[in-house]
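Undergrad: Okay, handing you the structure first.
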Amino acid sequence: MNTISFQPFIIGVAGGSGSGKSTVSQKVLAAFGADMVSVVMQDDYYCDQTHLAPEVRPQQNYDHPQAFEWSLLVQHIQALRNGQAIEMPEYDFTIHNRSNRTIPVKPAPVIVIEGLFALYDADLCDMMSLKIYVDTASDIRFIRRMQRDITERGRSVESVVDQYLETVRPMHKQFIEPTKRNADIIIPHGANGPAVDMITTKVASVIEQLKP
Ligand code: CTP
């Protein structure tokens, strides 16, 4: 078993769909590299839906906390904290299910957990040293989601609009937006430059303290 002699600095990056969570996380990763930063995407922990017929999968509520396999996510974050590598499931949005591949994630001094519900679970929040909520206006988030779901996730305009009104919007108000109060910092306008600079400055100082 691989062990590390320090507790990783765990950062949670939450926010609504299309808010820019992935961009913030990828900027932190790009600033320090994969030896220093590992990113865990909560989307990859959507529950396995192999038991459901393919035609009913698109109708599920993917914006409710119960859509995720929390036990596996918490177990994986605990493993990374203990210096153990994990095999993260890989989610395929085009089939609404996990693919048959996994993604190896190694322990690192900085672990970023990124997702709609990154600041929802008390056990996960307790493990985080920095909790960030990306607070982007809902009209901007909807436009981004529409563009992305059509180009990357194989969806139609009608399906994006229906899903947004039926589940994405109400679940955001009920479950995601309230997690803003769990955040240490709230970033407006998505991955804005000054905010990302402040985060990377903090991470740089944490990494500096780890040097012998
Ligand atoms: N989702 C979906 N179909 C699935 C699974 C999830 O449409 N089979 C949608 C959910 O409705 C949820 C969204 O995927 O709202 C979660 O991804 P999102 O947060 O939008 O993507 P990120 O790229 O992680 O976010 P950001 O744009 O903030 O970087």
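Residues are named by chain letter and number: chains run A, B, ... in the order of the structure tokens, numbers start at 1 in each chain, and ligands are numbered from 1 in the order shown.
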Sorted by chain and rising residue number, list the residues of range 53-143 of chain A at most 9 Å from range 8-11 of chain A (counting only C-alpha atoms), each with its closest atom pair and distance in Å to one decimal, as JSON lines.
TA:
{"residue": "A:Leu80", "atom": "CA", "partner": "A:Pro8", "partner_atom": "CA", "distance": 8.2}
{"residue": "A:Arg81", "atom": "CA", "partner": "A:Pro8", "partner_atom": "CA", "distance": 6.1}
{"residue": "A:Asn82", "atom": "CA", "partner": "A:Pro8", "partner_atom": "CA", "distance": 8.8}
{"residue": "A:Gly83", "atom": "CA", "partner": "A:Pro8", "partner_atom": "CA", "distance": 8.7}
{"residue": "A:Pro107", "atom": "CA", "partner": "A:Pro8", "partner_atom": "CA", "distance": 8.2}
{"residue": "A:Ala108", "atom": "CA", "partner": "A:Pro8", "partner_atom": "CA", "distance": 6.7}
{"residue": "A:Pro109", "atom": "CA", "partner": "A:Pro8", "partner_atom": "CA", "distance": 4.6}
{"residue": "A:Val110", "atom": "CA", "partner": "A:Phe9", "partner_atom": "CA", "distance": 4.8}
{"residue": "A:Ile111", "atom": "CA", "partner": "A:Ile10", "partner_atom": "CA", "distance": 4.8}
{"residue": "A:Val112", "atom": "CA", "partner": "A:Ile11", "partner_atom": "CA", "distance": 4.8}
{"residue": "A:Ile113", "atom": "CA", "partner": "A:Ile11", "partner_atom": "CA", "distance": 6.2}
{"residue": "A:Glu114", "atom": "CA", "partner": "A:Ile11", "partner_atom": "CA", "distance": 8.3}
{"residue": "A:Met127", "atom": "CA", "partner": "A:Ile10", "partner_atom": "CA", "distance": 6.8}
{"residue": "A:Met128", "atom": "CA", "partner": "A:Ile10", "partner_atom": "CA", "distance": 4.7}
{"residue": "A:Ser129", "atom": "CA", "partner": "A:Ile10", "partner_atom": "CA", "distance": 5.4}
{"residue": "A:Leu130", "atom": "CA", "partner": "A:Ile11", "partner_atom": "CA", "distance": 4.8}
{"residue": "A:Lys131", "atom": "CA", "partner": "A:Ile11", "partner_atom": "CA", "distance": 5.8}
{"residue": "A:Ile132", "atom": "CA", "partner": "A:Ile11", "partner_atom": "CA", "distance": 7.4}
Undergrad: Neighbours of ligand 1 at 8 Å or closer, counting only C-alpha atoms and all ligand atoms: which residues, as JSON, numbers by chain?
TA: {"A": [14, 15, 16, 17, 18, 19, 20, 21, 22, 23, 24, 41, 42, 43, 46, 57, 58, 60, 61, 62, 63, 92, 93, 94, 95, 96, 97, 114, 115, 116, 134, 141, 144, 145, 149, 153, 160, 163, 164, 167, 168, 190]}
Undergrad: I need the residues of range 11-134 of chain A that end up classed as strand (DSSP E or B) by DSSP on the backbone, written out as a PyMOL selection string.
TA: chain A and resi 11-15+37-41+46+68+86-92+97-105+110-114+130-134
Undergrad: Looking only at the backbone, which of the residues in range 11-199 of chain A does DSSP tag as helix (DSSP H, G or I), as a CSV table (one decimal) with N, CA, C and O atoms, in the first residue's frame?
TA:
chain,number,residue,atom,x,y,z
A,21,LYS,N,-17.7,25.0,-12.7
A,21,LYS,CA,-17.0,24.2,-11.7
A,21,LYS,C,-15.8,23.5,-12.3
A,21,LYS,O,-14.7,23.5,-11.8
A,22,SER,N,-16.0,22.9,-13.5
A,22,SER,CA,-15.0,22.2,-14.1
A,22,SER,C,-13.8,23.1,-14.5
A,22,SER,O,-12.6,22.7,-14.4
A,23,THR,N,-14.2,24.3,-15.0
A,23,THR,CA,-13.1,25.2,-15.4
A,23,THR,C,-12.2,25.6,-14.2
A,23,THR,O,-11.0,25.6,-14.3
A,24,VAL,N,-12.9,25.9,-13.1
A,24,VAL,CA,-12.1,26.3,-11.9
A,24,VAL,C,-11.2,25.1,-11.5
A,24,VAL,O,-10.0,25.3,-11.3
A,25,SER,N,-11.7,23.9,-11.5
A,25,SER,CA,-10.9,22.7,-11.1
A,25,SER,C,-9.8,22.5,-12.1
A,25,SER,O,-8.6,22.2,-11.7
A,26,GLN,N,-10.1,22.6,-13.4
A,26,GLN,CA,-9.0,22.4,-14.4
A,26,GLN,C,-7.9,23.4,-14.3
A,26,GLN,O,-6.8,23.2,-14.6
A,27,LYS,N,-8.3,24.7,-13.9
A,27,LYS,CA,-7.3,25.7,-13.8
A,27,LYS,C,-6.4,25.4,-12.6
A,27,LYS,O,-5.2,25.7,-12.7
A,28,VAL,N,-6.9,24.9,-11.5
A,28,VAL,CA,-6.1,24.5,-10.4
A,28,VAL,C,-5.1,23.4,-10.8
A,28,VAL,O,-3.9,23.4,-10.5
A,29,LEU,N,-5.7,22.4,-11.5
A,29,LEU,CA,-4.9,21.3,-12.0
A,29,LEU,C,-3.8,21.8,-12.9
A,29,LEU,O,-2.6,21.4,-12.8
A,30,ALA,N,-4.1,22.7,-13.8
A,30,ALA,CA,-3.2,23.2,-14.8
A,30,ALA,C,-2.1,24.0,-14.1
A,30,ALA,O,-0.9,24.0,-14.6
A,31,ALA,N,-2.4,24.7,-13.1
A,31,ALA,CA,-1.4,25.5,-12.4
A,31,ALA,C,-0.3,24.7,-11.7
A,31,ALA,O,0.8,25.2,-11.6
A,32,PHE,N,-0.7,23.5,-11.2
A,32,PHE,CA,0.3,22.8,-10.4
A,32,PHE,C,0.7,21.4,-11.0
A,32,PHE,O,1.6,20.8,-10.5
A,42,GLN,N,-17.6,14.5,-9.3
A,42,GLN,CA,-18.7,13.8,-8.7
A,42,GLN,C,-19.7,13.2,-9.8
A,42,GLN,O,-20.3,12.2,-9.5
A,43,ASP,N,-19.7,13.8,-11.0
A,43,ASP,CA,-20.5,13.3,-12.0
A,43,ASP,C,-20.2,11.8,-12.3
A,43,ASP,O,-21.0,11.0,-12.7
A,44,ASP,N,-18.9,11.4,-12.1
A,44,ASP,CA,-18.6,10.0,-12.3
A,44,ASP,C,-19.1,9.1,-11.3
A,44,ASP,O,-19.0,7.8,-11.4
A,45,TYR,N,-19.7,9.6,-10.2
A,45,TYR,CA,-20.3,8.8,-9.2
A,45,TYR,C,-21.9,8.7,-9.3
A,45,TYR,O,-22.5,8.3,-8.3
A,57,ARG,N,-33.8,5.5,-19.0
A,57,ARG,CA,-32.7,6.2,-18.3
A,57,ARG,C,-32.8,7.8,-18.5
A,57,ARG,O,-32.6,8.5,-17.5
A,58,PRO,N,-33.1,8.3,-19.7
A,58,PRO,CA,-33.2,9.7,-19.8
A,58,PRO,C,-34.2,10.4,-18.9
A,58,PRO,O,-34.1,11.6,-18.6
A,59,GLN,N,-35.2,9.7,-18.5
A,59,GLN,CA,-36.3,10.3,-17.7
A,59,GLN,C,-35.9,10.4,-16.2
A,59,GLN,O,-36.7,10.9,-15.4
A,65,PRO,N,-30.0,14.6,-4.9
A,65,PRO,CA,-28.8,14.0,-4.3
A,65,PRO,C,-28.8,12.4,-4.4
A,65,PRO,O,-27.7,11.8,-4.5
A,66,GLN,N,-30.0,11.8,-4.4
A,66,GLN,CA,-30.0,10.4,-4.4
A,66,GLN,C,-29.6,9.8,-5.8
A,66,GLN,O,-29.5,8.5,-5.9
A,67,ALA,N,-29.3,10.6,-6.8
A,67,ALA,CA,-28.9,10.1,-8.1
A,67,ALA,C,-27.4,9.6,-8.0
A,67,ALA,O,-26.9,9.0,-8.9
A,70,TRP,N,-23.2,7.9,-3.1
A,70,TRP,CA,-22.4,8.6,-2.0
A,70,TRP,C,-21.4,7.7,-1.3
A,70,TRP,O,-20.3,8.1,-1.0
A,71,SER,N,-21.8,6.5,-1.0
A,71,SER,CA,-21.0,5.6,-0.2
A,71,SER,C,-19.6,5.4,-0.9
A,71,SER,O,-18.6,5.4,-0.3
A,72,LEU,N,-19.7,5.2,-2.2
A,72,LEU,CA,-18.5,5.0,-3.0
A,72,LEU,C,-17.6,6.2,-3.1
A,72,LEU,O,-16.4,6.2,-2.9
A,73,LEU,N,-18.3,7.4,-3.2
A,73,LEU,CA,-17.5,8.6,-3.3
A,73,LEU,C,-16.8,8.9,-2.0
A,73,LEU,O,-15.6,9.2,-2.0
A,74,VAL,N,-17.5,8.7,-0.9
A,74,VAL,CA,-16.9,9.0,0.4
A,74,VAL,C,-15.8,8.0,0.7
A,74,VAL,O,-14.7,8.4,1.1
A,75,GLN,N,-16.0,6.7,0.3
A,75,GLN,CA,-15.0,5.7,0.5
A,75,GLN,C,-13.7,6.1,-0.3
A,75,GLN,O,-12.6,5.9,0.1
A,76,HIS,N,-13.9,6.5,-1.6
A,76,HIS,CA,-12.8,6.9,-2.4
A,76,HIS,C,-12.0,8.1,-1.9
A,76,HIS,O,-10.8,8.2,-1.9
A,77,ILE,N,-12.7,9.1,-1.3
A,77,ILE,CA,-12.0,10.3,-0.8
A,77,ILE,C,-11.3,9.9,0.4
A,77,ILE,O,-10.1,10.3,0.6
A,78,GLN,N,-11.8,9.0,1.2
A,78,GLN,CA,-11.1,8.5,2.4
A,78,GLN,C,-9.8,7.8,2.0
A,78,GLN,O,-8.8,7.9,2.6
A,79,ALA,N,-10.0,7.0,1.0
A,79,ALA,CA,-8.8,6.2,0.5
A,79,ALA,C,-7.7,7.2,0.0
A,79,ALA,O,-6.5,7.1,0.4
A,80,LEU,N,-8.1,8.2,-0.8
A,80,LEU,CA,-7.1,9.2,-1.3
A,80,LEU,C,-6.4,9.9,-0.1
A,80,LEU,O,-5.2,10.2,-0.1
A,81,ARG,N,-7.2,10.2,0.9
A,81,ARG,CA,-6.7,10.8,2.1
A,81,ARG,C,-5.7,10.0,2.8
A,81,ARG,O,-4.7,10.5,3.4
A,122,ALA,N,-22.3,16.2,4.8
A,122,ALA,CA,-21.5,16.7,6.0
A,122,ALA,C,-20.2,16.0,6.1
A,122,ALA,O,-19.2,16.7,6.4
A,123,ASP,N,-20.1,14.7,5.9
A,123,ASP,CA,-18.9,14.0,6.0
A,123,ASP,C,-17.8,14.5,5.1
A,123,ASP,O,-16.7,14.6,5.4
A,124,LEU,N,-18.3,14.7,3.8
A,124,LEU,CA,-17.3,15.2,2.8
A,124,LEU,C,-16.9,16.6,3.2
A,124,LEU,O,-15.7,16.9,3.1
A,125,CYS,N,-17.8,17.5,3.6
A,125,CYS,CA,-17.5,18.8,3.9
A,125,CYS,C,-16.4,18.8,5.1
A,125,CYS,O,-15.5,19.7,5.1
A,126,ASP,N,-16.6,17.9,6.0
A,126,ASP,CA,-15.7,17.9,7.2
A,126,ASP,C,-14.3,17.6,6.7
A,126,ASP,O,-13.3,17.9,7.4
A,127,MET,N,-14.1,16.9,5.6
A,127,MET,CA,-12.8,16.5,5.1
A,127,MET,C,-12.1,17.6,4.3
A,127,MET,O,-11.0,17.5,4.0
A,138,SER,N,-28.3,32.2,-13.4
A,138,SER,CA,-29.0,31.0,-14.0
A,138,SER,C,-29.2,31.1,-15.5
A,138,SER,O,-29.2,30.1,-16.2
A,139,ASP,N,-29.3,32.4,-16.1
A,139,ASP,CA,-29.5,32.5,-17.5
A,139,ASP,C,-28.2,32.1,-18.2
A,139,ASP,O,-28.2,31.3,-19.2
A,140,ILE,N,-27.1,32.5,-17.7
A,140,ILE,CA,-25.8,32.1,-18.2
A,140,ILE,C,-25.6,30.6,-18.1
A,140,ILE,O,-25.1,29.9,-19.1
A,141,ARG,N,-25.9,30.0,-17.0
A,141,ARG,CA,-25.8,28.6,-16.8
A,141,ARG,C,-26.6,27.8,-17.8
A,141,ARG,O,-26.2,26.8,-18.3
A,142,PHE,N,-27.9,28.3,-18.0
A,142,PHE,CA,-28.7,27.6,-18.9
A,142,PHE,C,-28.2,27.6,-20.4
A,142,PHE,O,-28.2,26.6,-21.1
A,143,ILE,N,-27.7,28.8,-20.8
A,143,ILE,CA,-27.1,28.9,-22.1
A,143,ILE,C,-25.9,27.9,-22.3
A,143,ILE,O,-25.8,27.2,-23.3
A,144,ARG,N,-25.1,27.9,-21.3
A,144,ARG,CA,-23.9,27.0,-21.4
A,144,ARG,C,-24.3,25.5,-21.4
A,144,ARG,O,-23.8,24.7,-22.1
A,145,ARG,N,-25.3,25.2,-20.6
A,145,ARG,CA,-25.8,23.9,-20.5
A,145,ARG,C,-26.4,23.4,-21.9
A,145,ARG,O,-26.1,22.3,-22.4
A,146,MET,N,-27.2,24.3,-22.4
A,146,MET,CA,-27.8,24.0,-23.7
A,146,MET,C,-26.7,23.7,-24.8
A,146,MET,O,-26.8,22.7,-25.5
A,147,GLN,N,-25.7,24.6,-24.8
A,147,GLN,CA,-24.7,24.5,-25.8
A,147,GLN,C,-23.9,23.1,-25.6
A,147,GLN,O,-23.7,22.4,-26.5
A,148,ARG,N,-23.6,22.9,-24.3
A,148,ARG,CA,-22.8,21.7,-24.0
A,148,ARG,C,-23.6,20.4,-24.2
A,148,ARG,O,-23.1,19.5,-24.8
A,149,ASP,N,-24.8,20.4,-23.8
A,149,ASP,CA,-25.6,19.2,-23.9
A,149,ASP,C,-25.9,18.8,-25.4
A,149,ASP,O,-26.0,17.6,-25.7
A,150,ILE,N,-26.0,19.8,-26.2
A,150,ILE,CA,-26.2,19.5,-27.6
A,150,ILE,C,-24.9,19.0,-28.3
A,150,ILE,O,-24.8,18.0,-29.0
A,151,THR,N,-23.8,19.7,-28.0
A,151,THR,CA,-22.5,19.4,-28.7
A,151,THR,C,-21.8,18.2,-28.1
A,151,THR,O,-21.2,17.4,-28.8
A,157,VAL,N,-32.6,20.2,-28.4
A,157,VAL,CA,-33.0,21.5,-27.8
A,157,VAL,C,-34.2,21.2,-26.9
A,157,VAL,O,-34.3,21.6,-25.7
A,158,GLU,N,-35.2,20.5,-27.4
A,158,GLU,CA,-36.4,20.2,-26.7
A,158,GLU,C,-36.1,19.4,-25.4
A,158,GLU,O,-36.6,19.7,-24.3
A,159,SER,N,-35.3,18.4,-25.5
A,159,SER,CA,-35.0,17.6,-24.3
A,159,SER,C,-34.2,18.4,-23.2
A,159,SER,O,-34.5,18.3,-22.0
A,160,VAL,N,-33.4,19.3,-23.7
A,160,VAL,CA,-32.6,20.2,-22.7
A,160,VAL,C,-33.6,21.1,-22.0
A,160,VAL,O,-33.6,21.3,-20.8
A,161,VAL,N,-34.5,21.7,-22.7
A,161,VAL,CA,-35.5,22.6,-22.1
A,161,VAL,C,-36.4,21.9,-21.2
A,161,VAL,O,-36.6,22.3,-20.0
A,162,ASP,N,-36.9,20.7,-21.6
A,162,ASP,CA,-37.8,20.0,-20.7
A,162,ASP,C,-37.1,19.6,-19.4
A,162,ASP,O,-37.7,19.7,-18.3
A,163,GLN,N,-35.9,19.0,-19.6
A,163,GLN,CA,-35.2,18.6,-18.4
A,163,GLN,C,-34.9,19.8,-17.4
A,163,GLN,O,-35.0,19.7,-16.2
A,164,TYR,N,-34.6,20.9,-18.0
A,164,TYR,CA,-34.2,22.1,-17.2
A,164,TYR,C,-35.4,22.5,-16.4
A,164,TYR,O,-35.3,22.8,-15.2
A,165,LEU,N,-36.6,22.5,-17.0
A,165,LEU,CA,-37.8,23.0,-16.3
A,165,LEU,C,-38.3,21.9,-15.3
A,165,LEU,O,-38.8,22.3,-14.2
A,166,GLU,N,-38.2,20.7,-15.7
A,166,GLU,CA,-38.8,19.6,-14.8
A,166,GLU,C,-37.9,19.3,-13.6
A,166,GLU,O,-38.4,19.0,-12.5
A,167,THR,N,-36.6,19.2,-13.8
A,167,THR,CA,-35.8,18.8,-12.7
A,167,THR,C,-34.6,19.7,-12.4
A,167,THR,O,-34.4,20.1,-11.2
A,168,VAL,N,-33.9,20.2,-13.4
A,168,VAL,CA,-32.6,20.9,-13.1
A,168,VAL,C,-32.9,22.2,-12.3
A,168,VAL,O,-32.3,22.4,-11.3
A,169,ARG,N,-33.9,23.0,-12.7
A,169,ARG,CA,-34.2,24.2,-12.1
A,169,ARG,C,-34.7,24.0,-10.7
A,169,ARG,O,-34.2,24.6,-9.7
A,170,PRO,N,-35.8,23.2,-10.5
A,170,PRO,CA,-36.3,23.0,-9.1
A,170,PRO,C,-35.3,22.4,-8.2
A,170,PRO,O,-35.3,22.8,-7.0
A,171,MET,N,-34.6,21.4,-8.7
A,171,MET,CA,-33.6,20.7,-7.8
A,171,MET,C,-32.5,21.7,-7.4
A,171,MET,O,-32.0,21.7,-6.3
A,172,HIS,N,-32.1,22.6,-8.3
A,172,HIS,CA,-31.1,23.6,-8.0
A,172,HIS,C,-31.6,24.4,-6.8
A,172,HIS,O,-30.8,24.7,-5.9
A,173,LYS,N,-32.8,24.9,-6.9
A,173,LYS,CA,-33.3,25.8,-5.9
A,173,LYS,C,-33.4,25.0,-4.5
A,173,LYS,O,-33.1,25.5,-3.5
A,174,GLN,N,-33.9,23.8,-4.6
A,174,GLN,CA,-34.1,23.0,-3.4
A,174,GLN,C,-32.9,22.5,-2.7
A,174,GLN,O,-32.7,22.5,-1.5
A,175,PHE,N,-31.9,22.0,-3.5
A,175,PHE,CA,-30.8,21.2,-2.9
A,175,PHE,C,-29.4,21.9,-3.1
A,175,PHE,O,-28.5,21.7,-2.3
A,176,ILE,N,-29.2,22.5,-4.3
A,176,ILE,CA,-27.8,22.9,-4.6
A,176,ILE,C,-27.6,24.4,-4.1
A,176,ILE,O,-26.6,24.6,-3.4
A,177,GLU,N,-28.4,25.3,-4.5
A,177,GLU,CA,-28.3,26.7,-4.0
A,177,GLU,C,-28.1,26.8,-2.5
A,177,GLU,O,-27.2,27.5,-2.1
A,178,PRO,N,-28.8,26.0,-1.7
A,178,PRO,CA,-28.6,26.1,-0.2
A,178,PRO,C,-27.3,25.7,0.2
A,178,PRO,O,-26.8,26.2,1.3
A,179,THR,N,-26.5,24.9,-0.6
A,179,THR,CA,-25.2,24.5,-0.1
A,179,THR,C,-24.2,25.7,-0.2
A,179,THR,O,-23.1,25.6,0.3
A,180,LYS,N,-24.6,26.8,-0.8
A,180,LYS,CA,-23.8,28.0,-0.8
A,180,LYS,C,-23.4,28.4,0.6
A,180,LYS,O,-22.3,28.9,0.8
A,181,ARG,N,-24.3,28.2,1.6
A,181,ARG,CA,-24.0,28.6,2.9
A,181,ARG,C,-22.9,27.7,3.6
A,181,ARG,O,-22.4,28.1,4.6
A,182,ASN,N,-22.6,26.6,3.0
A,182,ASN,CA,-21.5,25.8,3.5
A,182,ASN,C,-20.1,26.2,3.0
A,182,ASN,O,-19.1,25.7,3.4
A,193,GLY,N,-11.0,35.4,-13.4
A,193,GLY,CA,-9.5,35.5,-13.2
A,193,GLY,C,-9.0,35.8,-11.8
A,193,GLY,O,-8.2,35.0,-11.3
A,194,PRO,N,-9.5,36.9,-11.2
A,194,PRO,CA,-9.0,37.2,-9.9
A,194,PRO,C,-9.3,36.1,-8.9
A,194,PRO,O,-8.5,35.8,-8.0
A,195,ALA,N,-10.5,35.5,-9.0
A,195,ALA,CA,-10.8,34.5,-8.0
A,195,ALA,C,-9.9,33.3,-8.2
A,195,ALA,O,-9.5,32.7,-7.2
A,196,VAL,N,-9.7,32.9,-9.4
A,196,VAL,CA,-8.8,31.7,-9.6
A,196,VAL,C,-7.4,32.0,-9.2
A,196,VAL,O,-6.7,31.2,-8.5
A,197,ASP,N,-7.0,33.3,-9.4
A,197,ASP,CA,-5.6,33.7,-8.9
A,197,ASP,C,-5.6,33.5,-7.3
A,197,ASP,O,-4.6,33.1,-6.8
A,198,MET,N,-6.6,34.0,-6.7
A,198,MET,CA,-6.6,33.8,-5.2
A,198,MET,C,-6.5,32.4,-4.7
A,198,MET,O,-5.8,32.0,-3.8
A,199,ILE,N,-7.3,31.5,-5.4
A,199,ILE,CA,-7.3,30.1,-5.1
A,199,ILE,C,-5.9,29.5,-5.3
A,199,ILE,O,-5.4,28.8,-4.5
Undergrad: Suppose you want the space between CA of Lys106 in chain A and CA of Leu119 in chain A; what is it in Å?
TA: 22.1 Å
Undergrad: Of the residues A:Ala183, A:Thr200, A:Thr50, A:Arg155, which is the one nearest to Asn100 in chain A, using only C-alpha atoms?
TA: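 Nearest to Asn100 in chain A: A:Thr50.
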Undergrad: Please provide as a count of residues only all residues within 12 Å of Gln209 in chain A, with the sequence filter that same-chain residues fewer than 2 positions apart are discarded (counting only C-alpha atoms).
TA: 12
Undergrad: Which one of A:Leu210, A:Ala53, A:Ile103, A:Ile86 sits closest to Gln7 in chain A if you count only C-alpha atoms?
TA: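 Smallest distance to Gln7 in chain A is found for A:Leu210.
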Undergrad: Could you state the separation of CA of Ala191 in chain A and CA of Met36 in chain A in Å, given to one decimal place?
TA: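 Distance between the two atoms: 20.5 Å.
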Undergrad: What is the CA of Glu208 in chain A to CA of Gly33 in chain A distance in Å?
TA: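 Between these atoms lies a distance of 14.4 Å.
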